[in-house]
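A.B. asks: Sending over run21.csv (CSV, N, CA and C atoms).
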chain,number,residue,atom,x,y,z
Z,191,LYS,N,-7.0,-14.8,-8.7
Z,191,LYS,CA,-5.7,-14.3,-9.2
Z,191,LYS,C,-5.7,-12.9,-9.6
Z,192,ALA,N,-6.8,-12.4,-10.2
Z,192,ALA,CA,-6.9,-11.0,-10.6
Z,192,ALA,C,-6.7,-10.1,-9.3
Z,193,LEU,N,-7.4,-10.5,-8.2
Z,193,LEU,CA,-7.3,-9.7,-7.0
Z,193,LEU,C,-5.9,-9.7,-6.5
Z,194,ALA,N,-5.2,-10.8,-6.5
Z,194,ALA,CA,-3.8,-10.9,-6.1
Z,194,ALA,C,-2.9,-9.9,-6.9
Z,195,LEU,N,-3.1,-9.9,-8.2
Z,195,LEU,CA,-2.4,-9.0,-9.1
Z,195,LEU,C,-2.7,-7.5,-8.7
Z,196,TYR,N,-3.9,-7.2,-8.5
Z,196,TYR,CA,-4.3,-5.9,-8.1
Z,196,TYR,C,-3.7,-5.5,-6.8
Z,197,LEU,N,-3.7,-6.4,-5.8
Z,197,LEU,CA,-3.1,-6.1,-4.5
Z,197,LEU,C,-1.6,-5.9,-4.7
Z,198,GLY,N,-1.0,-6.7,-5.6
Z,198,GLY,CA,0.5,-6.5,-5.9
Z,198,GLY,C,0.8,-5.2,-6.4
Z,199,GLY,N,-0.1,-4.6,-7.2
Z,199,GLY,CA,0.0,-3.2,-7.7
Z,199,GLY,C,-0.1,-2.2,-6.5
Z,200,ILE,N,-1.0,-2.5,-5.6
Z,200,ILE,CA,-1.1,-1.6,-4.4
Z,200,ILE,C,0.2,-1.7,-3.6
Z,201,ALA,N,0.7,-2.9,-3.4
Z,201,ALA,CA,2.0,-3.0,-2.6
Z,201,ALA,C,3.1,-2.2,-3.4
Z,202,GLY,N,3.1,-2.3,-4.7
Z,202,GLY,CA,4.1,-1.6,-5.5
Z,202,GLY,C,4.0,-0.1,-5.3
Z,203,TRP,N,2.8,0.4,-5.2
Z,203,TRP,CA,2.5,1.8,-5.0
Z,203,TRP,C,3.1,2.2,-3.7
Z,204,PHE,N,2.9,1.5,-2.6
Z,204,PHE,CA,3.4,1.8,-1.3
Z,204,PHE,C,4.9,1.7,-1.3
Z,205,ARG,N,5.5,0.7,-2.0
Z,205,ARG,CA,7.0,0.7,-2.1
Z,205,ARG,C,7.5,1.9,-2.8
Z,206,ASP,N,6.9,2.4,-3.8
Z,206,ASP,CA,7.3,3.6,-4.5
Z,206,ASP,C,7.2,4.8,-3.6
Z,207,VAL,N,6.1,4.9,-2.8
Z,207,VAL,CA,5.9,6.0,-1.8
Z,207,VAL,C,7.0,5.9,-0.8
Z,208,LEU,N,7.3,4.7,-0.3
Z,208,LEU,CA,8.4,4.5,0.6
Z,208,LEU,C,9.8,5.0,0.1
Z,209,ALA,N,10.0,4.7,-1.2
Z,209,ALA,CA,11.2,5.2,-1.8
Z,209,ALA,C,11.3,6.7,-1.8
Z,210,CYS,N,10.2,7.3,-2.1
Z,210,CYS,CA,10.1,8.8,-2.1
Z,210,CYS,C,10.4,9.3,-0.7
Z,211,GLN,N,9.8,8.7,0.3
Z,211,GLN,CA,10.0,9.1,1.7
Z,211,GLN,C,11.4,9.0,2.1
Z,212,GLU,N,12.1,8.1,1.6
Z,212,GLU,CA,13.5,7.8,1.9
Z,212,GLU,C,14.5,8.6,1.0
Z,213,GLY,N,14.0,9.4,0.1
Z,213,GLY,CA,14.8,10.2,-0.7
Z,213,GLY,C,15.4,9.5,-1.9
Z,214,ALA,N,14.8,8.4,-2.3
Z,214,ALA,CA,15.2,7.5,-3.4
Z,214,ALA,C,14.2,7.5,-4.5
Z,215,ALA,N,13.7,8.7,-4.8
Z,215,ALA,CA,12.6,8.8,-5.8
Z,215,ALA,C,13.1,8.2,-7.2
Z,216,ASP,N,14.4,8.2,-7.4
Z,216,ASP,CA,14.9,7.7,-8.7
Z,216,ASP,C,14.7,6.2,-8.8
Z,217,SER,N,14.4,5.5,-7.7
Z,217,SER,CA,14.2,4.1,-7.8
Z,217,SER,C,12.7,3.7,-7.9
Z,218,ILE,N,11.9,4.6,-8.2
Z,218,ILE,CA,10.4,4.4,-8.4
Z,218,ILE,C,10.3,3.4,-9.6
Z,219,ARG,N,9.5,2.4,-9.4
Z,219,ARG,CA,9.3,1.4,-10.4
Z,219,ARG,C,8.2,1.9,-11.4
Z,220,ASN,N,7.1,2.5,-10.8
Z,220,ASN,CA,6.0,2.9,-11.6
Z,220,ASN,C,6.3,4.4,-12.1
Z,221,VAL,N,7.2,4.5,-13.1
Z,221,VAL,CA,7.6,5.8,-13.5
Z,221,VAL,C,6.5,6.6,-14.1
Z,222,ASP,N,5.5,5.9,-14.7
Z,222,ASP,CA,4.4,6.6,-15.3
Z,222,ASP,C,3.5,7.2,-14.2
Z,223,LEU,N,3.7,6.8,-13.0
Z,223,LEU,CA,2.9,7.4,-11.9
Z,223,LEU,C,3.7,8.2,-10.9
Z,224,ARG,N,4.9,8.6,-11.4
Z,224,ARG,CA,5.9,9.4,-10.6
Z,224,ARG,C,5.2,10.6,-9.9
Z,225,ASP,N,4.5,11.4,-10.7
Z,225,ASP,CA,3.9,12.6,-10.1
Z,225,ASP,C,2.9,12.4,-9.0
Z,226,PRO,N,1.9,11.5,-9.2
Z,226,PRO,CA,1.0,11.3,-8.1
Z,226,PRO,C,1.7,10.6,-6.9
Z,227,ILE,N,2.6,9.7,-7.2
Z,227,ILE,CA,3.3,9.1,-6.1
Z,227,ILE,C,4.1,10.1,-5.2
Z,228,GLU,N,4.8,11.0,-5.9
Z,228,GLU,CA,5.5,12.0,-5.2
Z,228,GLU,C,4.6,12.9,-4.4
Z,229,LYS,N,3.5,13.3,-5.0
Z,229,LYS,CA,2.5,14.1,-4.3
Z,229,LYS,C,1.9,13.4,-3.1
Z,230,PHE,N,1.6,12.1,-3.2
Z,230,PHE,CA,1.1,11.3,-2.1
Z,230,PHE,C,2.1,11.3,-1.0
Z,231,ALA,N,3.4,11.0,-1.3
Z,231,ALA,CA,4.4,10.9,-0.3
Z,231,ALA,C,4.6,12.3,0.4
Z,232,LYS,N,4.5,13.4,-0.3
Z,232,LYS,CA,4.6,14.7,0.3
Z,232,LYS,C,3.4,15.0,1.2
Z,233,HIS,N,2.2,14.6,0.8
Z,233,HIS,CA,1.0,14.8,1.5
Z,233,HIS,C,1.0,14.0,2.8
Z,234,TYR,N,1.5,12.8,2.8
Z,234,TYR,CA,1.5,11.8,3.9
Z,234,TYR,C,3.0,11.5,4.3
Z,235,PRO,N,3.7,12.4,4.8
Z,235,PRO,CA,5.2,12.2,5.0
Z,235,PRO,C,5.5,11.1,6.1
Z,236,ASN,N,4.5,11.0,7.0
Z,236,ASN,CA,4.7,10.0,8.2
Z,236,ASN,C,4.0,8.7,8.0
Z,237,LEU,N,3.4,8.5,6.8
Z,237,LEU,CA,2.7,7.3,6.6
Z,237,LEU,C,3.6,6.1,6.8
Z,238,ASP,N,3.1,5.1,7.5
Z,238,ASP,CA,3.9,3.9,7.7
Z,238,ASP,C,3.8,2.9,6.5
Z,239,CYS,N,4.6,3.2,5.5
Z,239,CYS,CA,4.5,2.4,4.2
Z,239,CYS,C,4.9,1.0,4.5
Z,240,THR,N,5.9,0.7,5.4
Z,240,THR,CA,6.3,-0.6,5.6
Z,240,THR,C,5.1,-1.5,6.1
Z,241,ALA,N,4.4,-0.9,7.1
Z,241,ALA,CA,3.2,-1.6,7.6
Z,241,ALA,C,2.2,-1.8,6.5
Z,242,ALA,N,2.0,-0.8,5.7
Z,242,ALA,CA,1.0,-0.9,4.6
Z,242,ALA,C,1.4,-2.1,3.6
Z,243,ILE,N,2.7,-2.1,3.3
Z,243,ILE,CA,3.2,-3.2,2.4
Z,243,ILE,C,3.0,-4.5,3.0
Z,244,LEU,N,3.3,-4.7,4.3
Z,244,LEU,CA,3.1,-5.9,5.0
Z,244,LEU,C,1.7,-6.3,5.0
Z,245,ALA,N,0.8,-5.4,5.2
Z,245,ALA,CA,-0.6,-5.7,5.3
Z,245,ALA,C,-1.1,-6.2,3.9
Z,246,VAL,N,-0.7,-5.6,2.9
Z,246,VAL,CA,-1.1,-6.0,1.5
Z,246,VAL,C,-0.5,-7.4,1.2
Z,247,GLU,N,0.8,-7.6,1.5
Z,247,GLU,CA,1.4,-8.9,1.2
Z,247,GLU,C,0.8,-10.0,2.1
Z,248,ASP,N,0.4,-9.7,3.3
Z,248,ASP,CA,-0.3,-10.7,4.2
Z,248,ASP,C,-1.6,-11.1,3.5
Z,249,THR,N,-2.3,-10.1,3.0
Z,249,THR,CA,-3.6,-10.4,2.4
Z,249,THR,C,-3.4,-11.2,1.1
Z,250,ILE,N,-2.4,-11.0,0.3
Z,250,ILE,CA,-2.1,-11.8,-0.9
Z,250,ILE,C,-1.8,-13.2,-0.4
Z,251,ASP,N,-1.1,-13.4,0.6
Z,251,ASP,CA,-0.8,-14.7,1.1
Z,251,ASP,C,-2.1,-15.4,1.6
Z,252,LEU,N,-2.9,-14.7,2.2
Z,252,LEU,CA,-4.2,-15.3,2.7
Z,252,LEU,C,-5.1,-15.7,1.6
Z,253,LEU,N,-5.0,-15.0,0.5
Z,253,LEU,CA,-5.9,-15.3,-0.7
Z,253,LEU,C,-5.5,-16.7,-1.3
Z,254,GLN,N,-4.3,-17.1,-1.0
Z,254,GLN,CA,-3.9,-18.5,-1.5
Z,254,GLN,C,-4.3,-19.6,-0.6
Z,255,LYS,N,-4.9,-19.2,0.5
Z,255,LYS,CA,-5.4,-20.2,1.5
Z,255,LYS,C,-6.9,-20.1,1.4
Z,256,ASN,N,-7.6,-20.9,2.2
Z,256,ASN,CA,-9.0,-20.9,2.2
Z,256,ASN,C,-9.6,-19.9,3.2
Z,257,VAL,N,-9.6,-18.6,2.8
Z,257,VAL,CA,-10.1,-17.6,3.6
Z,257,VAL,C,-11.3,-16.9,3.0
Z,258,HIS,N,-12.2,-16.3,3.8
Z,258,HIS,CA,-13.3,-15.6,3.2
Z,258,HIS,C,-12.8,-14.3,2.6
Z,259,LEU,N,-13.1,-14.1,1.3
Z,259,LEU,CA,-12.5,-13.0,0.6
Z,259,LEU,C,-13.0,-11.7,1.2
Z,260,VAL,N,-14.2,-11.5,1.5
Z,260,VAL,CA,-14.7,-10.2,2.1
Z,260,VAL,C,-14.1,-9.9,3.4
Z,261,THR,N,-13.9,-11.0,4.2
Z,261,THR,CA,-13.3,-10.8,5.5
Z,261,THR,C,-11.8,-10.3,5.4
Z,262,ALA,N,-11.1,-11.0,4.5
Z,262,ALA,CA,-9.7,-10.6,4.2
Z,262,ALA,C,-9.6,-9.2,3.8
Z,263,MET,N,-10.5,-8.7,2.9
Z,263,MET,CA,-10.5,-7.3,2.4
Z,263,MET,C,-10.9,-6.3,3.5
Z,264,ILE,N,-11.8,-6.7,4.4
Z,264,ILE,CA,-12.1,-5.8,5.5
Z,264,ILE,C,-11.0,-5.7,6.4
Z,265,VAL,N,-10.3,-6.8,6.7
Z,265,VAL,CA,-9.1,-6.7,7.6
Z,265,VAL,C,-8.0,-5.9,6.9
Z,266,LEU,N,-7.8,-6.0,5.6
Z,266,LEU,CA,-6.8,-5.2,4.9
Z,266,LEU,C,-7.2,-3.7,5.0
Z,267,ALA,N,-8.5,-3.4,4.8
Z,267,ALA,CA,-8.9,-2.0,4.9
Z,267,ALA,C,-8.6,-1.4,6.3
Z,268,ASN,N,-8.9,-2.2,7.3
Z,268,ASN,CA,-8.7,-1.7,8.7
Z,268,ASN,C,-7.2,-1.5,8.9
Z,269,ARG,N,-6.4,-2.4,8.4
Z,269,ARG,CA,-4.9,-2.3,8.6
Z,269,ARG,C,-4.4,-1.1,7.9
Z,270,LEU,N,-4.9,-0.8,6.7
Z,270,LEU,CA,-4.4,0.3,5.9
Z,270,LEU,C,-4.9,1.6,6.6
Z,271,ARG,N,-6.1,1.6,7.1
Z,271,ARG,CA,-6.6,2.7,7.8
Z,271,ARG,C,-5.7,3.1,9.0
Z,272,ARG,N,-5.3,2.1,9.7
Z,272,ARG,CA,-4.3,2.3,10.9
Z,272,ARG,C,-3.0,3.0,10.4
Z,273,CYS,N,-2.6,2.6,9.2
Z,273,CYS,CA,-1.4,3.2,8.7
Z,273,CYS,C,-1.6,4.7,8.4
Z,274,LEU,N,-2.8,5.1,8.0
Z,274,LEU,CA,-3.2,6.5,7.8
Z,274,LEU,C,-3.8,7.2,9.0
Z,275,ALA,N,-3.9,6.5,10.1
Z,275,ALA,CA,-4.5,7.1,11.3
Z,275,ALA,C,-4.1,8.5,11.7
Z,276,PRO,N,-2.8,8.8,11.6
Z,276,PRO,CA,-2.4,10.2,12.0
Z,276,PRO,C,-3.1,11.3,11.1
Z,277,TYR,N,-3.5,10.9,10.0
Z,277,TYR,CA,-4.1,11.9,9.1
Z,277,TYR,C,-5.6,11.9,9.0
Z,278,LEU,N,-6.2,11.0,9.8
Z,278,LEU,CA,-7.7,10.8,9.8
Z,278,LEU,C,-8.4,11.4,11.0
Z,279,ALA,N,-7.8,12.4,11.6
Z,279,ALA,CA,-8.4,13.0,12.8
Z,279,ALA,C,-9.7,13.8,12.6
Please express the file's structure as structure tokens.

C.D. replies:
Amino acid sequence: KALALYLGGIAGWFRDVLACQEGAADSIRNVDLRDPIEKFAKHYPNLDCTAAILAVEDTIDLLQKNVHLVTAMIVLANRLRRCLAPYLA
């Protein structure tokens, strides 16, 4: 359960970054993290936040099933890496 909550926070981070990318910074939920979220969004303007959110949400769903935790986290890391691929040259 703790990991699912943590991953929910990561999904929330990417939702806030997506809001910044779309010019809706006023709708950021994590207002205490506004500055780092805006900096992150500026630094990674073409980040596919929708894919990142889906990857995290898929992992949360998998945690409720009988999956190997380490494998699920490795798959998530790879999916998130693909979202950042344009910046990892």

A.B. asks: May I ask for the distance between CA of Tyr234 (chain Z) and atom C of Ala209 (chain Z), given in Å to one decimal place?

C.D. replies: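 Between these atoms lies a distance of 12.4 Å.
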
A.B. asks: Quick one: pull the distance between CA of Cys210 (chain Z) and CA of Ile227 (chain Z), Å, one decimal.

C.D. replies: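 The value is 7.9 Å.
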
A.B. asks: Could you please determine the separation between atom C of Cys273 (chain Z) and atom N of Ala242 (chain Z) in Å, to one decimal place?

C.D. replies: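 Here the two named atoms are 7.1 Å from each other.
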
A.B. asks: Counting all atoms listed in the file, which of Z:Val260, Z:Leu253, Z:Leu274, Z:Ala267 gets nearest to Lys191 (chain Z)?

C.D. replies: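 So, comparing all the options, the nearest one is Z:Leu253.
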
A.B. asks: Would you please work out which residue, of Z:Asn256, Z:Gln211, Z:Thr249, Z:Ser217, is nearest to Lys232 (chain Z) when using only N, CA and C atoms?

C.D. replies: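 Of the candidates, the smallest distance to Lys232 (chain Z) is held by Z:Gln211.
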
A.B. asks: Given the choices Z:Val246, Z:Leu278, Z:Arg272, Z:Lys255, which gets closest to Leu197 (chain Z) if the distance is worked out from only N, CA and C atoms?

C.D. replies: Z:Val246

A.B. asks: Per DSSP on the backbone, filter region 202-269 of chain Z down to the residues in alpha helix (DSSP H) and report them as a ChimeraX atom specification.

C.D. replies: /Z:202-211,224-233,239-253,259-269

A.B. asks: Quick one: residues within 10 Å of (4.0, 9.2, -5.6) (file frame), counting only C-alpha atoms, please, as a list in words.

C.D. replies: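 Residues close enough to count: Trp203, Phe204, Arg205, Asp206, Val207, Leu208, Ala209, Cys210, Gln211, Ala215, Ile218, Asn220, Val221, Leu223, Arg224, Asp225, Pro226, Ile227, Glu228, Lys229, Phe230, Ala231, Lys232 and His233 of chain Z.
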
A.B. asks: Could you write out the selected residues, including N, CA and C atoms, as a PDB file, keeping the file's coordinate frame?

C.D. replies:
ATOM      1  N   TRP Z 203       2.800   0.400  -5.200  1.00  0.00           N
ATOM      2  CA  TRP Z 203       2.500   1.800  -5.000  1.00  0.00           C
ATOM      3  C   TRP Z 203       3.100   2.200  -3.700  1.00  0.00           C
ATOM      4  N   PHE Z 204       2.900   1.500  -2.600  1.00  0.00           N
ATOM      5  CA  PHE Z 204       3.400   1.800  -1.300  1.00  0.00           C
ATOM      6  C   PHE Z 204       4.900   1.700  -1.300  1.00  0.00           C
ATOM      7  N   ARG Z 205       5.500   0.700  -2.000  1.00  0.00           N
ATOM      8  CA  ARG Z 205       7.000   0.700  -2.100  1.00  0.00           C
ATOM      9  C   ARG Z 205       7.500   1.900  -2.800  1.00  0.00           C
ATOM     10  N   ASP Z 206       6.900   2.400  -3.800  1.00  0.00           N
ATOM     11  CA  ASP Z 206       7.300   3.600  -4.500  1.00  0.00           C
ATOM     12  C   ASP Z 206       7.200   4.800  -3.600  1.00  0.00           C
ATOM     13  N   VAL Z 207       6.100   4.900  -2.800  1.00  0.00           N
ATOM     14  CA  VAL Z 207       5.900   6.000  -1.800  1.00  0.00           C
ATOM     15  C   VAL Z 207       7.000   5.900  -0.800  1.00  0.00           C
ATOM     16  N   LEU Z 208       7.300   4.700  -0.300  1.00  0.00           N
ATOM     17  CA  LEU Z 208       8.400   4.500   0.600  1.00  0.00           C
ATOM     18  C   LEU Z 208       9.800   5.000   0.100  1.00  0.00           C
ATOM     19  N   ALA Z 209      10.000   4.700  -1.200  1.00  0.00           N
ATOM     20  CA  ALA Z 209      11.200   5.200  -1.800  1.00  0.00           C
ATOM     21  C   ALA Z 209      11.300   6.700  -1.800  1.00  0.00           C
ATOM     22  N   CYS Z 210      10.200   7.300  -2.100  1.00  0.00           N
ATOM     23  CA  CYS Z 210      10.100   8.800  -2.100  1.00  0.00           C
ATOM     24  C   CYS Z 210      10.400   9.300  -0.700  1.00  0.00           C
ATOM     25  N   GLN Z 211       9.800   8.700   0.300  1.00  0.00           N
ATOM     26  CA  GLN Z 211      10.000   9.100   1.700  1.00  0.00           C
ATOM     27  C   GLN Z 211      11.400   9.000   2.100  1.00  0.00           C
ATOM     28  N   ALA Z 215      13.700   8.700  -4.800  1.00  0.00           N
ATOM     29  CA  ALA Z 215      12.600   8.800  -5.800  1.00  0.00           C
ATOM     30  C   ALA Z 215      13.100   8.200  -7.200  1.00  0.00           C
ATOM     31  N   ILE Z 218      11.900   4.600  -8.200  1.00  0.00           N
ATOM     32  CA  ILE Z 218      10.400   4.400  -8.400  1.00  0.00           C
ATOM     33  C   ILE Z 218      10.300   3.400  -9.600  1.00  0.00           C
ATOM     34  N   ASN Z 220       7.100   2.500 -10.800  1.00  0.00           N
ATOM     35  CA  ASN Z 220       6.000   2.900 -11.600  1.00  0.00           C
ATOM     36  C   ASN Z 220       6.300   4.400 -12.100  1.00  0.00           C
ATOM     37  N   VAL Z 221       7.200   4.500 -13.100  1.00  0.00           N
ATOM     38  CA  VAL Z 221       7.600   5.800 -13.500  1.00  0.00           C
ATOM     39  C   VAL Z 221       6.500   6.600 -14.100  1.00  0.00           C
ATOM     40  N   LEU Z 223       3.700   6.800 -13.000  1.00  0.00           N
ATOM     41  CA  LEU Z 223       2.900   7.400 -11.900  1.00  0.00           C
ATOM     42  C   LEU Z 223       3.700   8.200 -10.900  1.00  0.00           C
ATOM     43  N   ARG Z 224       4.900   8.600 -11.400  1.00  0.00           N
ATOM     44  CA  ARG Z 224       5.900   9.400 -10.600  1.00  0.00           C
ATOM     45  C   ARG Z 224       5.200  10.600  -9.900  1.00  0.00           C
ATOM     46  N   ASP Z 225       4.500  11.400 -10.700  1.00  0.00           N
ATOM     47  CA  ASP Z 225       3.900  12.600 -10.100  1.00  0.00           C
ATOM     48  C   ASP Z 225       2.900  12.400  -9.000  1.00  0.00           C
ATOM     49  N   PRO Z 226       1.900  11.500  -9.200  1.00  0.00           N
ATOM     50  CA  PRO Z 226       1.000  11.300  -8.100  1.00  0.00           C
ATOM     51  C   PRO Z 226       1.700  10.600  -6.900  1.00  0.00           C
ATOM     52  N   ILE Z 227       2.600   9.700  -7.200  1.00  0.00           N
ATOM     53  CA  ILE Z 227       3.300   9.100  -6.100  1.00  0.00           C
ATOM     54  C   ILE Z 227       4.100  10.100  -5.200  1.00  0.00           C
ATOM     55  N   GLU Z 228       4.800  11.000  -5.900  1.00  0.00           N
ATOM     56  CA  GLU Z 228       5.500  12.000  -5.200  1.00  0.00           C
ATOM     57  C   GLU Z 228       4.600  12.900  -4.400  1.00  0.00           C
ATOM     58  N   LYS Z 229       3.500  13.300  -5.000  1.00  0.00           N
ATOM     59  CA  LYS Z 229       2.500  14.100  -4.300  1.00  0.00           C
ATOM     60  C   LYS Z 229       1.900  13.400  -3.100  1.00  0.00           C
ATOM     61  N   PHE Z 230       1.600  12.100  -3.200  1.00  0.00           N
ATOM     62  CA  PHE Z 230       1.100  11.300  -2.100  1.00  0.00           C
ATOM     63  C   PHE Z 230       2.100  11.300  -1.000  1.00  0.00           C
ATOM     64  N   ALA Z 231       3.400  11.000  -1.300  1.00  0.00           N
ATOM     65  CA  ALA Z 231       4.400  10.900  -0.300  1.00  0.00           C
ATOM     66  C   ALA Z 231       4.600  12.300   0.400  1.00  0.00           C
ATOM     67  N   LYS Z 232       4.500  13.400  -0.300  1.00  0.00           N
ATOM     68  CA  LYS Z 232       4.600  14.700   0.300  1.00  0.00           C
ATOM     69  C   LYS Z 232       3.400  15.000   1.200  1.00  0.00           C
ATOM     70  N   HIS Z 233       2.200  14.600   0.800  1.00  0.00           N
ATOM     71  CA  HIS Z 233       1.000  14.800   1.500  1.00  0.00           C
ATOM     72  C   HIS Z 233       1.000  14.000   2.800  1.00  0.00           C
TER      73      HIS Z 233
END

A.B. asks: Between Z:Ala245, Z:Leu252, Z:Arg269, Z:Val257, single out the one closest to Ala201 (chain Z), counting all atoms listed in the file.

C.D. replies: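 Counting all atoms listed in the file, the residue closest to Ala201 (chain Z) is Z:Ala245.
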
A.B. asks: Of the candidates Z:Ala275, Z:Ala214, Z:Ala194, Z:Leu270, which one gets nearest to Cys239 (chain Z) if we count only C-alpha atoms?

C.D. replies: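 Counting only C-alpha atoms, the residue closest to Cys239 (chain Z) is Z:Leu270.
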
A.B. asks: Which one is closest to Pro276 (chain Z): Z:Ile200, Z:Leu237, Z:Leu244, Z:Leu195? Count only N, CA and C atoms.

C.D. replies: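 The closest residue to Pro276 (chain Z) is Z:Leu237.
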
A.B. asks: N, CA, C and O atoms are what I want for region 235-249 of chain Z; can you complete it accordingly and write them as a PDB file, in the coordinates of the input?

C.D. replies:
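Below is the file result10.pdb, written as the result:
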ATOM      1  N   PRO Z 235       3.700  12.400   4.800  1.00  0.00           N
ATOM      2  CA  PRO Z 235       5.200  12.200   5.000  1.00  0.00           C
ATOM      3  C   PRO Z 235       5.500  11.100   6.100  1.00  0.00           C
ATOM      4  O   PRO Z 235       6.506  10.525   6.146  1.00  0.00           O
ATOM      5  N   ASN Z 236       4.500  11.000   7.000  1.00  0.00           N
ATOM      6  CA  ASN Z 236       4.700  10.000   8.200  1.00  0.00           C
ATOM      7  C   ASN Z 236       4.000   8.700   8.000  1.00  0.00           C
ATOM      8  O   ASN Z 236       3.825   7.986   8.959  1.00  0.00           O
ATOM      9  N   LEU Z 237       3.400   8.500   6.800  1.00  0.00           N
ATOM     10  CA  LEU Z 237       2.700   7.300   6.600  1.00  0.00           C
ATOM     11  C   LEU Z 237       3.600   6.100   6.800  1.00  0.00           C
ATOM     12  O   LEU Z 237       4.778   6.068   6.296  1.00  0.00           O
ATOM     13  N   ASP Z 238       3.100   5.100   7.500  1.00  0.00           N
ATOM     14  CA  ASP Z 238       3.900   3.900   7.700  1.00  0.00           C
ATOM     15  C   ASP Z 238       3.800   2.900   6.500  1.00  0.00           C
ATOM     16  O   ASP Z 238       2.996   2.010   6.514  1.00  0.00           O
ATOM     17  N   CYS Z 239       4.600   3.200   5.500  1.00  0.00           N
ATOM     18  CA  CYS Z 239       4.500   2.400   4.200  1.00  0.00           C
ATOM     19  C   CYS Z 239       4.900   1.000   4.500  1.00  0.00           C
ATOM     20  O   CYS Z 239       4.386   0.074   3.817  1.00  0.00           O
ATOM     21  N   THR Z 240       5.900   0.700   5.400  1.00  0.00           N
ATOM     22  CA  THR Z 240       6.300  -0.600   5.600  1.00  0.00           C
ATOM     23  C   THR Z 240       5.100  -1.500   6.100  1.00  0.00           C
ATOM     24  O   THR Z 240       4.908  -2.587   5.693  1.00  0.00           O
ATOM     25  N   ALA Z 241       4.400  -0.900   7.100  1.00  0.00           N
ATOM     26  CA  ALA Z 241       3.200  -1.600   7.600  1.00  0.00           C
ATOM     27  C   ALA Z 241       2.200  -1.800   6.500  1.00  0.00           C
ATOM     28  O   ALA Z 241       1.507  -2.866   6.465  1.00  0.00           O
ATOM     29  N   ALA Z 242       2.000  -0.800   5.700  1.00  0.00           N
ATOM     30  CA  ALA Z 242       1.000  -0.900   4.600  1.00  0.00           C
ATOM     31  C   ALA Z 242       1.400  -2.100   3.600  1.00  0.00           C
ATOM     32  O   ALA Z 242       0.569  -2.869   3.189  1.00  0.00           O
ATOM     33  N   ILE Z 243       2.700  -2.100   3.300  1.00  0.00           N
ATOM     34  CA  ILE Z 243       3.200  -3.200   2.400  1.00  0.00           C
ATOM     35  C   ILE Z 243       3.000  -4.500   3.000  1.00  0.00           C
ATOM     36  O   ILE Z 243       2.511  -5.461   2.326  1.00  0.00           O
ATOM     37  N   LEU Z 244       3.300  -4.700   4.300  1.00  0.00           N
ATOM     38  CA  LEU Z 244       3.100  -5.900   5.000  1.00  0.00           C
ATOM     39  C   LEU Z 244       1.700  -6.300   5.000  1.00  0.00           C
ATOM     40  O   LEU Z 244       1.343  -7.515   4.837  1.00  0.00           O
ATOM     41  N   ALA Z 245       0.800  -5.400   5.200  1.00  0.00           N
ATOM     42  CA  ALA Z 245      -0.600  -5.700   5.300  1.00  0.00           C
ATOM     43  C   ALA Z 245      -1.100  -6.200   3.900  1.00  0.00           C
ATOM     44  O   ALA Z 245      -1.868  -7.214   3.870  1.00  0.00           O
ATOM     45  N   VAL Z 246      -0.700  -5.600   2.900  1.00  0.00           N
ATOM     46  CA  VAL Z 246      -1.100  -6.000   1.500  1.00  0.00           C
ATOM     47  C   VAL Z 246      -0.500  -7.400   1.200  1.00  0.00           C
ATOM     48  O   VAL Z 246      -1.204  -8.293   0.710  1.00  0.00           O
ATOM     49  N   GLU Z 247       0.800  -7.600   1.500  1.00  0.00           N
ATOM     50  CA  GLU Z 247       1.400  -8.900   1.200  1.00  0.00           C
ATOM     51  C   GLU Z 247       0.800 -10.000   2.100  1.00  0.00           C
ATOM     52  O   GLU Z 247       0.629 -11.109   1.566  1.00  0.00           O
ATOM     53  N   ASP Z 248       0.400  -9.700   3.300  1.00  0.00           N
ATOM     54  CA  ASP Z 248      -0.300 -10.700   4.200  1.00  0.00           C
ATOM     55  C   ASP Z 248      -1.600 -11.100   3.500  1.00  0.00           C
ATOM     56  O   ASP Z 248      -1.954 -12.276   3.514  1.00  0.00           O
ATOM     57  N   THR Z 249      -2.300 -10.100   3.000  1.00  0.00           N
ATOM     58  CA  THR Z 249      -3.600 -10.400   2.400  1.00  0.00           C
ATOM     59  C   THR Z 249      -3.400 -11.200   1.100  1.00  0.00           C
ATOM     60  O   THR Z 249      -4.176 -12.185   0.867  1.00  0.00           O
TER      61      THR Z 249
END
